[in-house]
Structure formats: C-alpha cells, structure tokens
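Chemist: File work39.cif follows (mmCIF, C-alpha atoms):
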```cif
data_structure
loop_
_atom_site.label_atom_id
_atom_site.label_comp_id
_atom_site.auth_asym_id
_atom_site.auth_seq_id
_atom_site.Cartn_x
_atom_site.Cartn_y
_atom_site.Cartn_z
CA MET S 1 126.45 112.62 77.86
CA VAL S 2 123.36 114.79 77.40
CA SER S 3 121.78 115.67 80.74
CA ASN S 4 118.09 115.42 81.54
CA ARG S 5 118.08 119.20 81.92
CA GLU S 6 119.27 119.60 78.33
CA LEU S 7 116.74 117.05 77.08
CA PHE S 8 114.00 118.86 78.98
CA LEU S 9 114.87 122.19 77.37
CA ASN S 10 115.47 120.73 73.89
CA TYR S 11 112.47 118.42 73.50
CA LEU S 12 109.65 119.35 75.87
CA GLY S 13 107.29 122.15 74.95
CA GLN S 14 107.89 124.96 77.40
CA THR S 15 105.27 127.06 79.19
CA SER S 16 107.43 129.89 80.51
CA GLU S 17 110.80 131.57 80.09
CA SER S 18 111.84 130.49 83.57
CA PRO S 19 110.77 126.97 84.61
CA TYR S 20 111.91 125.70 88.00
CA LEU S 21 114.51 123.43 86.34
CA ILE S 22 114.91 121.19 89.37
CA GLU S 23 115.14 117.50 88.59
CA ILE S 24 113.06 115.17 90.75
CA GLU S 25 114.02 111.52 90.98
CA LYS S 26 111.54 110.31 93.59
CA ALA S 27 108.91 111.59 95.99
CA ASP S 28 107.52 110.41 99.29
CA GLY S 29 105.02 111.96 101.69
CA ILE S 30 105.43 115.74 101.58
CA TYR S 31 108.95 115.51 100.14
CA LEU S 32 110.45 115.57 96.66
CA TYR S 33 114.03 114.32 96.13
CA GLY S 34 116.58 115.32 93.53
CA PRO S 35 119.10 112.88 92.02
CA ASN S 36 121.77 114.22 94.39
CA GLY S 37 119.58 113.48 97.40
CA LYS S 38 118.50 117.09 97.98
CA LYS S 39 115.14 117.14 99.73
CA TYR S 40 112.35 119.65 99.08
CA ILE S 41 109.17 120.15 101.11
CA ASP S 42 106.31 120.28 98.61
CA LEU S 43 104.14 123.18 99.77
CA ILE S 44 101.92 123.18 96.68
CA SER S 45 101.06 119.47 96.16
CA GLY S 46 101.51 119.72 92.40
CA VAL S 47 98.95 122.56 92.63
CA SER S 48 96.42 120.92 94.99
CA VAL S 49 96.77 117.43 93.50
CA SER S 50 98.68 115.17 95.91
CA SER S 51 96.44 115.52 98.94
CA LEU S 52 97.50 112.14 100.34
CA GLY S 53 101.13 112.97 99.71
CA HIS S 54 103.50 111.39 97.24
CA ASN S 55 104.01 107.65 96.82
CA SER S 56 100.91 106.73 98.86
CA GLU S 57 100.70 102.98 99.41
CA ILE S 58 96.90 103.19 99.31
CA ILE S 59 96.90 104.67 95.82
CA LYS S 60 99.79 102.55 94.54
CA ASN S 61 98.10 99.32 95.61
CA ALA S 62 94.89 100.31 93.84
CA ILE S 63 96.84 101.10 90.68
CA LYS S 64 98.78 97.81 90.78
CA GLU S 65 95.63 95.79 91.30
CA GLN S 66 93.88 97.42 88.35
CA VAL S 67 96.93 97.15 86.05
CA ASP S 68 96.83 93.39 86.56
CA ASN S 69 93.19 93.33 85.42
CA HIS S 70 93.13 95.61 82.37
CA LEU S 71 93.99 99.01 80.98
CA HIS S 72 91.87 100.85 78.39
CA LEU S 73 89.04 98.82 76.86
CA MET S 74 86.61 101.08 75.03
CA VAL S 75 85.56 104.72 74.77
CA TYR S 76 83.85 106.06 77.86
CA GLY S 77 80.27 105.02 78.50
CA GLU S 78 80.01 101.87 76.38
CA PHE S 79 81.43 99.04 78.53
CA ILE S 80 80.67 98.40 82.19
CA GLN S 81 84.00 98.78 83.97
CA SER S 82 84.21 98.13 87.70
CA PRO S 83 86.62 100.99 88.60
CA GLN S 84 84.38 103.55 86.89
CA VAL S 85 81.12 102.44 88.46
CA LYS S 86 82.63 102.08 91.95
CA LEU S 87 84.07 105.57 91.69
CA ALA S 88 80.83 107.09 90.36
CA GLU S 89 78.73 105.44 93.07
CA TYR S 90 81.06 106.50 95.87
CA LEU S 91 81.40 110.06 94.62
CA SER S 92 77.62 110.41 94.23
CA ASN S 93 77.08 109.18 97.77
CA MET S 94 79.51 111.81 99.09
CA LEU S 95 77.51 114.59 97.45
CA PRO S 96 74.01 116.01 98.05
CA GLU S 97 71.16 113.84 96.77
CA SER S 98 70.54 115.95 93.66
CA LEU S 99 74.09 115.35 92.39
CA ASP S 100 73.69 111.72 91.46
CA SER S 101 75.04 111.37 87.90
CA VAL S 102 78.78 111.39 87.20
CA TYR S 103 80.51 111.95 83.87
CA LEU S 104 84.21 111.01 83.98
CA VAL S 105 86.80 112.86 81.90
CA ASN S 106 90.59 113.31 81.91
CA SER S 107 91.18 116.74 83.45
CA GLY S 108 89.73 119.84 85.03
CA SER S 109 89.54 121.73 81.75
CA GLU S 110 87.53 118.88 80.24
CA ALA S 111 85.21 118.83 83.23
CA ILE S 112 84.49 122.54 82.71
CA GLU S 113 84.00 122.02 78.96
CA GLY S 114 81.51 119.23 79.56
CA ALA S 115 79.63 121.09 82.29
CA VAL S 116 79.16 124.22 80.19
CA LYS S 117 78.13 122.19 77.15
CA LEU S 118 75.59 120.32 79.29
CA ALA S 119 74.18 123.60 80.67
CA LYS S 120 73.65 124.94 77.16
CA LYS S 121 71.96 121.74 76.00
CA TYR S 122 69.71 121.54 79.06
CA THR S 123 68.63 125.19 79.16
CA GLY S 124 68.64 125.88 75.43
CA LYS S 125 70.32 129.19 76.27
CA THR S 126 73.61 130.67 75.08
CA LYS S 127 74.87 133.30 77.52
CA LEU S 128 77.65 132.34 79.94
CA VAL S 129 78.67 134.22 83.08
CA SER S 130 81.91 133.82 85.04
CA PHE S 131 84.10 136.00 87.22
CA LYS S 132 86.96 138.44 86.90
CA ASN S 133 90.29 136.78 87.72
CA ALA S 134 88.70 133.32 87.62
CA TYR S 135 90.72 130.45 86.18
CA HIS S 136 88.92 127.43 84.71
CA GLY S 137 91.48 125.83 82.38
CA SER S 138 93.33 126.35 79.13
CA THR S 139 91.16 124.72 76.45
CA HIS S 140 89.24 127.20 74.31
CA GLY S 141 85.91 126.97 76.11
CA ALA S 142 87.45 126.97 79.59
CA LEU S 143 89.78 129.78 78.54
CA SER S 144 86.78 131.82 77.41
CA LEU S 145 85.48 131.70 80.98
CA CYS S 146 88.78 132.85 82.46
CA GLY S 147 88.49 136.37 83.81
CA ASN S 148 91.84 137.81 82.82
CA GLU S 149 92.18 139.49 79.43
CA ASP S 150 95.99 139.42 79.29
CA PHE S 151 95.90 135.65 79.70
CA LYS S 152 93.63 135.00 76.74
CA ASN S 153 93.79 137.90 74.29
CA SER S 154 96.35 136.24 72.02
CA CYS S 155 93.98 133.26 71.53
CA ARG S 156 90.91 135.15 70.34
CA PRO S 157 88.36 134.64 68.93
CA LEU S 158 87.01 132.64 71.83
CA LEU S 159 83.43 131.73 72.77
CA PRO S 160 80.90 134.52 72.24
CA GLU S 161 78.40 135.73 74.82
CA VAL S 162 80.70 135.29 77.83
CA TYR S 163 80.29 137.95 80.51
CA HIS S 164 82.56 138.50 83.50
CA ILE S 165 81.37 139.92 86.78
CA GLU S 166 83.14 140.93 89.97
CA LEU S 167 83.11 138.62 92.98
CA ASN S 168 80.96 139.88 95.88
CA ASN S 169 79.55 142.73 93.76
CA PHE S 170 75.77 142.41 94.14
CA ASN S 171 75.08 145.00 91.43
CA ASP S 172 76.87 142.87 88.82
CA LEU S 173 74.34 140.09 89.36
CA GLU S 174 71.97 142.05 87.13
CA ILE S 175 73.96 140.65 84.18
CA ILE S 176 72.37 137.24 84.83
CA ASP S 177 69.19 137.23 82.74
CA ASN S 178 66.66 134.92 81.10
CA ASN S 179 69.12 134.08 78.29
CA THR S 180 71.85 132.90 80.68
CA ALA S 181 72.67 129.19 80.42
CA CYS S 182 74.97 129.05 83.42
CA VAL S 183 77.11 130.88 85.94
CA VAL S 184 80.51 129.27 86.59
CA LEU S 185 82.18 129.98 89.92
CA GLU S 186 85.06 128.73 92.06
CA PRO S 187 83.88 128.49 95.69
CA ILE S 188 87.24 130.07 96.47
CA GLN S 189 89.04 131.85 93.65
CA ALA S 190 92.38 130.10 93.54
CA GLU S 191 94.51 131.61 90.78
CA GLY S 192 92.96 134.98 91.56
CA GLY S 193 95.00 134.95 94.76
CA ILE S 194 92.61 133.08 97.09
CA LYS S 195 89.56 135.34 97.11
CA ILE S 196 86.53 134.14 99.07
CA PRO S 197 82.91 135.10 98.34
CA THR S 198 80.61 135.90 101.23
CA LYS S 199 77.88 133.46 102.19
CA GLU S 200 75.26 136.15 101.56
CA TYR S 201 76.61 136.70 98.06
CA ILE S 202 76.53 133.00 97.14
CA LYS S 203 73.00 132.62 98.46
CA GLU S 204 71.82 135.60 96.41
CA LEU S 205 73.65 134.25 93.35
CA LYS S 206 71.92 130.88 93.68
CA LYS S 207 68.54 132.57 94.17
CA ILE S 208 68.97 134.63 90.98
CA CYS S 209 70.13 131.59 89.00
CA ASP S 210 66.99 129.72 90.05
CA GLU S 211 64.76 132.68 89.19
CA LYS S 212 66.32 133.11 85.73
CA GLY S 213 66.35 129.41 84.92
CA CYS S 214 70.11 129.11 84.57
CA LEU S 215 72.42 126.53 86.12
CA LEU S 216 74.96 127.27 88.83
CA ILE S 217 78.23 125.43 88.16
CA PHE S 218 80.84 125.17 90.90
CA ASP S 219 84.43 124.62 89.85
CA GLU S 220 85.79 122.49 92.72
CA ILE S 221 88.93 121.51 90.84
CA GLN S 222 91.21 123.05 93.47
CA THR S 223 88.84 123.20 96.44
CA GLY S 224 87.41 119.68 96.43
CA PHE S 225 88.11 116.72 98.73
CA GLY S 226 89.10 118.35 101.99
CA ARG S 227 91.42 121.08 100.76
CA THR S 228 89.44 123.86 102.49
CA GLY S 229 88.66 121.97 105.69
CA LYS S 230 85.31 120.74 104.38
CA MET S 231 84.92 117.91 101.91
CA PHE S 232 83.71 120.34 99.23
CA GLY S 233 84.15 124.08 99.00
CA PHE S 234 80.47 124.75 98.38
CA GLN S 235 79.68 123.37 101.84
CA HIS S 236 80.99 126.63 103.32
CA PHE S 237 78.02 128.45 101.78
CA ASP S 238 75.02 126.17 102.44
CA VAL S 239 74.07 125.98 98.77
CA VAL S 240 74.00 123.07 96.34
CA PRO S 241 75.13 123.72 92.75
CA ASP S 242 73.36 122.29 89.71
CA ILE S 243 76.65 120.95 88.35
CA VAL S 244 79.98 120.52 90.13
CA CYS S 245 83.38 119.93 88.50
CA PHE S 246 86.32 117.98 89.95
CA ALA S 247 89.87 117.01 89.01
CA LYS S 248 93.30 117.46 90.65
CA ALA S 249 92.98 115.78 94.09
CA LEU S 250 90.31 113.42 92.74
CA GLY S 251 92.96 111.19 91.16
CA GLY S 252 95.50 111.28 93.97
CA GLY S 253 98.22 111.95 91.38
CA MET S 254 96.64 110.19 88.41
CA PRO S 255 94.93 112.15 85.61
CA ILE S 256 91.16 112.22 85.91
CA GLY S 257 88.32 114.74 86.08
CA ALA S 258 84.57 114.61 86.52
CA PHE S 259 81.47 116.74 86.36
CA VAL S 260 78.44 115.73 88.38
CA SER S 261 74.79 116.74 88.05
CA SER S 262 71.33 115.26 88.38
CA LYS S 263 70.21 112.38 86.17
CA GLU S 264 67.55 114.67 84.71
CA ILE S 265 70.14 117.17 83.50
CA MET S 266 72.80 114.63 82.52
CA ASN S 267 70.33 112.72 80.36
CA TYR S 268 70.42 115.59 77.87
CA PHE S 269 73.71 114.14 76.58
CA LYS S 270 71.90 111.01 75.36
CA THR S 271 70.12 112.63 72.44
CA ASN S 272 70.26 115.52 69.98
CA PRO S 273 72.65 114.07 68.90
CA VAL S 274 73.44 110.59 70.18
CA LEU S 275 77.04 110.55 71.42
CA GLY S 276 76.88 114.34 71.64
CA HIS S 277 79.62 114.33 74.27
CA ILE S 278 82.25 111.59 74.16
CA THR S 279 85.78 110.93 75.38
CA THR S 280 88.18 108.10 74.57
CA PHE S 281 90.17 107.99 77.79
CA GLY S 282 87.78 109.69 80.21
CA GLY S 283 87.54 107.65 83.40
CA HIS S 284 90.53 105.51 82.44
CA PRO S 285 90.28 102.36 84.59
CA VAL S 286 93.66 102.84 86.27
CA SER S 287 92.92 106.49 87.07
CA SER S 288 89.44 105.53 88.27
CA ALA S 289 90.88 102.90 90.61
CA ALA S 290 93.32 105.47 91.99
CA ALA S 291 90.54 108.03 92.39
CA TYR S 292 88.24 105.59 94.17
CA SER S 293 90.96 104.67 96.69
CA THR S 294 91.82 108.34 97.19
CA ILE S 295 88.36 109.74 97.89
CA LYS S 296 87.38 106.69 99.94
CA PHE S 297 90.35 107.26 102.23
CA ILE S 298 89.72 111.01 102.50
CA SER S 299 86.05 110.39 103.26
CA GLU S 300 86.48 107.57 105.76
CA SER S 301 89.61 108.77 107.59
CA GLU S 302 89.89 111.82 109.86
CA ILE S 303 92.27 113.66 107.53
CA THR S 304 89.84 116.47 106.75
CA LYS S 305 89.02 116.93 110.44
CA TYR S 306 92.50 118.34 111.12
CA VAL S 307 92.86 120.63 108.10
CA LYS S 308 91.57 123.68 109.99
CA GLU S 309 94.02 123.09 112.85
CA LYS S 310 96.86 122.89 110.35
CA GLU S 311 95.73 126.13 108.74
CA MET S 312 95.78 127.87 112.11
CA LEU S 313 99.28 126.57 112.83
CA PHE S 314 100.54 128.07 109.56
CA ARG S 315 98.87 131.36 110.46
CA GLU S 316 100.34 131.31 113.97
CA LYS S 317 103.90 130.57 112.86
CA LEU S 318 104.05 132.83 109.80
CA LYS S 319 104.51 136.25 111.40
CA HIS S 320 106.89 138.58 109.58
CA PRO S 321 107.05 142.29 108.64
CA LEU S 322 106.98 141.39 104.94
CA ILE S 323 103.70 139.46 105.28
CA ASN S 324 100.73 141.77 104.76
CA GLU S 325 98.08 139.10 105.27
CA ILE S 326 97.30 135.42 104.86
CA ARG S 327 94.08 134.65 102.96
CA GLY S 328 92.27 131.40 102.46
CA GLU S 329 90.53 128.42 104.00
CA GLY S 330 92.11 125.23 105.26
CA LEU S 331 95.25 124.31 103.35
CA LEU S 332 94.57 126.62 100.43
CA LEU S 333 96.37 129.78 101.49
CA ALA S 334 97.86 132.89 99.91
CA VAL S 335 100.66 134.67 101.76
CA GLU S 336 100.43 138.27 100.58
CA LEU S 337 103.72 140.18 100.26
CA GLY S 338 102.46 142.99 98.04
CA SER S 339 105.42 142.66 95.66
CA PHE S 340 106.11 140.33 92.74
CA ASP S 341 109.83 140.84 93.24
CA SER S 342 109.54 139.58 96.82
CA VAL S 343 107.49 136.57 95.72
CA LEU S 344 110.06 135.71 93.03
CA LYS S 345 112.76 135.76 95.69
CA VAL S 346 110.71 133.51 97.99
CA VAL S 347 110.35 130.99 95.16
CA LYS S 348 114.05 131.18 94.22
CA TYR S 349 115.50 131.14 97.73
CA GLY S 350 112.90 128.57 98.76
CA LEU S 351 114.38 126.08 96.30
CA GLU S 352 117.82 126.76 97.76
CA GLU S 353 116.55 126.22 101.31
CA GLY S 354 114.52 123.13 100.43
CA PHE S 355 110.87 124.03 99.91
CA ILE S 356 108.67 124.55 96.86
CA THR S 357 106.05 127.25 96.44
CA ASP S 358 104.83 129.45 93.61
CA TRP S 359 102.60 132.42 92.88
CA PHE S 360 99.11 132.59 91.41
CA ILE S 361 98.44 132.98 87.69
CA PHE S 362 96.31 136.10 88.12
CA HIS S 363 97.83 137.39 91.35
CA ASP S 364 101.61 137.57 91.49
CA THR S 365 102.17 139.41 94.77
CA ALA S 366 101.37 136.42 97.01
CA PHE S 367 102.80 132.92 97.24
CA ARG S 368 100.88 129.70 97.63
CA ILE S 369 100.68 127.31 100.57
CA ALA S 370 98.72 124.18 99.63
CA PRO S 371 100.68 121.20 100.96
CA PRO S 372 99.49 117.60 101.08
CA LEU S 373 96.73 117.23 103.65
CA ILE S 374 98.87 114.63 105.44
CA ILE S 375 101.44 117.27 106.51
CA ASN S 376 101.96 117.01 110.28
CA GLU S 377 102.61 119.58 113.01
CA ASN S 378 106.39 119.20 113.00
CA GLU S 379 106.51 119.47 109.22
CA ILE S 380 104.41 122.65 109.30
CA ILE S 381 106.70 124.18 111.91
CA LYS S 382 109.77 123.24 109.85
CA SER S 383 108.16 124.70 106.70
CA CYS S 384 107.40 127.96 108.47
CA GLU S 385 110.96 128.19 109.81
CA LEU S 386 112.30 127.83 106.26
CA ILE S 387 109.85 130.44 104.91
CA LEU S 388 110.82 132.91 107.65
CA LYS S 389 114.50 132.25 106.94
CA VAL S 390 113.90 133.16 103.29
CA LEU S 391 111.89 136.26 104.21
CA ASN S 392 114.75 137.38 106.42
CA LYS S 393 117.12 137.02 103.47
CA ILE S 394 114.87 139.30 101.42
#
```
For the file at hand, write its structure as structure tokens.
Modeler:
Amino acid sequence: MVSNRELFLNYLGQTSESPYLIEIEKADGIYLYGPNGKKYIDLISGVSVSSLGHNSEIIKNAIKEQVDNHLHLMVYGEFIQSPQVKLAEYLSNMLPESLDSVYLVNSGSEAIEGAVKLAKKYTGKTKLVSFKNAYHGSTHGALSLCGNEDFKNSCRPLLPEVYHIELNNFNDLEIIDNNTACVVLEPIQAEGGIKIPTKEYIKELKKICDEKGCLLIFDEIQTGFGRTGKMFGFQHFDVVPDIVCFAKALGGGMPIGAFVSSKEIMNYFKTNPVLGHITTFGGHPVSSAAAYSTIKFISESEITKYVKEKEMLFREKLKHPLINEIRGEGLLLAVELGSFDSVLKVVKYGLEEGFITDWFIFHDTAFRIAPPLIINENEIIKSCELILKVLNKI
C-alpha cells in the first residue's frame, strides 16, 4: 500500500529539498500528533497562525454554524453576507478611527497586493519603498517588495521603481520623495530574523511620508492580534499607518486576509475602472465566521495581557552557552545561535525530542519561537527543557 509520505512526495508540489516529512493526524491546543501517537509541541503556530491553539472549540463552533447556513455565494463585494460585515465592523472598531474600511481577501500576499495597488491609485504615484530583508509574500508584486535579492532574482522582471532601504538608517529615508506612492514596513521584521525598528525611526518615517504625500503601509501579517504583547505591532510606536495588512492569525487557522484603510482612500477602488480590484473567494463566509470568532475572543479575553509574561519566562529559562541572544517582542522571538548548522540540528533533533521550530527565510542562524498565545507556564517550561536538551546534544 502506498504511504501518505510517498503520495506527498509524488503528487504535491514541493517547496524545498528537505521538507519536515512528519505526518500529522490531529492537533489540539499547542500539540500536534502523528499517526503513531507521537506528540509534538508546536512552537511556531503554523508560522504565527494558530494563536488560539489547534482545534479551538470557539473557532470550530463558528465554522459549523456558518457551514449550516451557506458557503460561497458571489464574488466579494456584491452580496451582503453577515459573516463579512460582522468581521469588518469588529475589526474596524479594534483599530484607530481612521482605519474604518476593510477589504477582505484570501491571504497575506493578496492583502499586500491590494494595499500597494490602492496606494498607487490614491496617490497617482509609482515609486515603492520597502526594506532590506523584508518579506511580504510570494506573488509577483509582494515579491518585488521583498528585500532579499537571492530570494527573487530567478523571477525577474518584477515590478519597476521599487527601492529598498535599511531599517533604522535615517540617511536612507532620503529615498522617499514626491514620487513615492507608499512605504511598506513590518512593525517587526519577521523573516529578517526578528529585527525591531526604534520608536524614533518610525516616527520620523511617518513624518516624512506625510510630508511627501505618500502612504505608510504596515504589514501586520505576522505581528497582528496579540502576537507581540499588544493587539497590533504598530501600537509599540505610537503611530497610525494609512493602510494596514492582516492575515495569518486573523483566521484562526482558516485562510483569510484583509487590508484596512480610511473610507476616503478605499473609495478609489470604486472607479477608474469599476471593479478595478476584485476577488472571487476573498472574505469567504466560513473563513470570515472563523476570523470574527477569533479576533473577538482575542480582544475580549485577557490572552494578550499575559503575552509579555510568557515572553519573559522563555527568556529566563533559555540560558545556554550556544545562545548568543534572544530578540523579539511578546511571543515572536528569534533565538540566535550564530550558525546555520546549529539551527539545522535544533530543528532536526527537536523533531526527535517532540517540538517543532524552524529558521527564518532571510536569517538562517536563529530559530523561531512563536507558539500559540494560549501556551501556559508549565508548557513553556517543558518547551525550554526540550530546547536545552537539544542544545546540549549539539
């Protein structure tokens, strides 16, 4: 009989020469389970997706209720669908007053695509600015914004007039000029290895964007909804972006993305041309129901309140000669080892010991800690014991 492993390798398009190749049969809370009953602590949450853990009753009940009503009805924006409007209203009310118009899509890449397209339509400008070692997605427009040449060179030509600047380098801000449509920034660079801008830098960036008449777009795809200890990453910097993009944790495990702006800016999608930005499955009703239940729980519970304490417990327990530093905010952390070989061994031996981590796309000398926000004190201590056991093996 052909195994699932063989089917996986024979029929699914592959993204690397060395996938994890562990088979998962079920998941619950912070744990993933193989068909043989082996248990893994999920320390990456499907890359910052499953913030409420796996198999959440809150999310499952919302999905079941919506499935009994209807699935897809019509392309986005034509029919009034209760899950979409409830989600849009709730999300808008979580955000600053100026961010009151929500466009629902399917993924983070699509959110970035829509946001950049909207910025160009609204400003009438063509120049785009993003950051070295930034990651914004894999579609052509989002890929153009990515700040790593090795990652995208084989896909050129990409979008023209894209300029990359260095995070926290004030001199580079001179690149932002009167022809700049937007600046796209992660509040915390995730795939760059968890790099954090200073508050002074973000304030100066926003000031220059306002002076030059370009829009500031925050990519909150990994940092949104409590991951950093605040509801949104931009709240660490006391600025409000012109457009903000979400995905990942928004859906609680279901595929959905969104970009949010003001009604004034968003209205530029209505004309020149009509239907100038459309999506068939954006804001799918089942995903929207899951997203509404997810962000409502995160907002109304105390889950975000304890994220900082959990971060500090990881920092306290992870002391080892191989660890150079731990960077990050909340439960978005990079454990720096200074060696790709060491990180590879942590990933490999981690699977053997029963935990899952990985490295960052543009920074391969650190491994990721981004568990579900529901992880408790005992589970953090157990995770750290397993990590230290692996580091001792190395």
Chemist: Got a sec: who's within 7 Å of range 211-224 of chain S, counting only C-alpha atoms, leaving out chain neighbours fewer than 4 positions off, as a PyMOL selection string?
Modeler: chain S and resi 48+108+119+123+177-178+180-187+206-207+228+231-233+241-248
Chemist: With the file shown as input, list the residues that the PyMOL selection byres ((chain S and resi 335-346) around 12) selects, as a PyMOL selection string.
Modeler: chain S and resi 18+20+193-195+314-315+318-328+331-334+347-370+384+386-394
Chemist: Which neighbours of Lys152 in chain S fall inside 12 Å, counting all atoms listed in the file, when residues of the same chain fewer than 3 positions from it are skipped, and could you give them as a ChimeraX atom specification?
Modeler: /S:133,135-149,155-159,362
Chemist: Just the number, please: distance in Å from CA of Leu104 in chain S to CA of Gly282 in chain S, one decimal.
Modeler: 5.4 Å
Chemist: CA of Ala62 in chain S and CA of Ser287 in chain S, how far apart in Å?
Modeler: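 Interatomic distance here is 9.4 Å.
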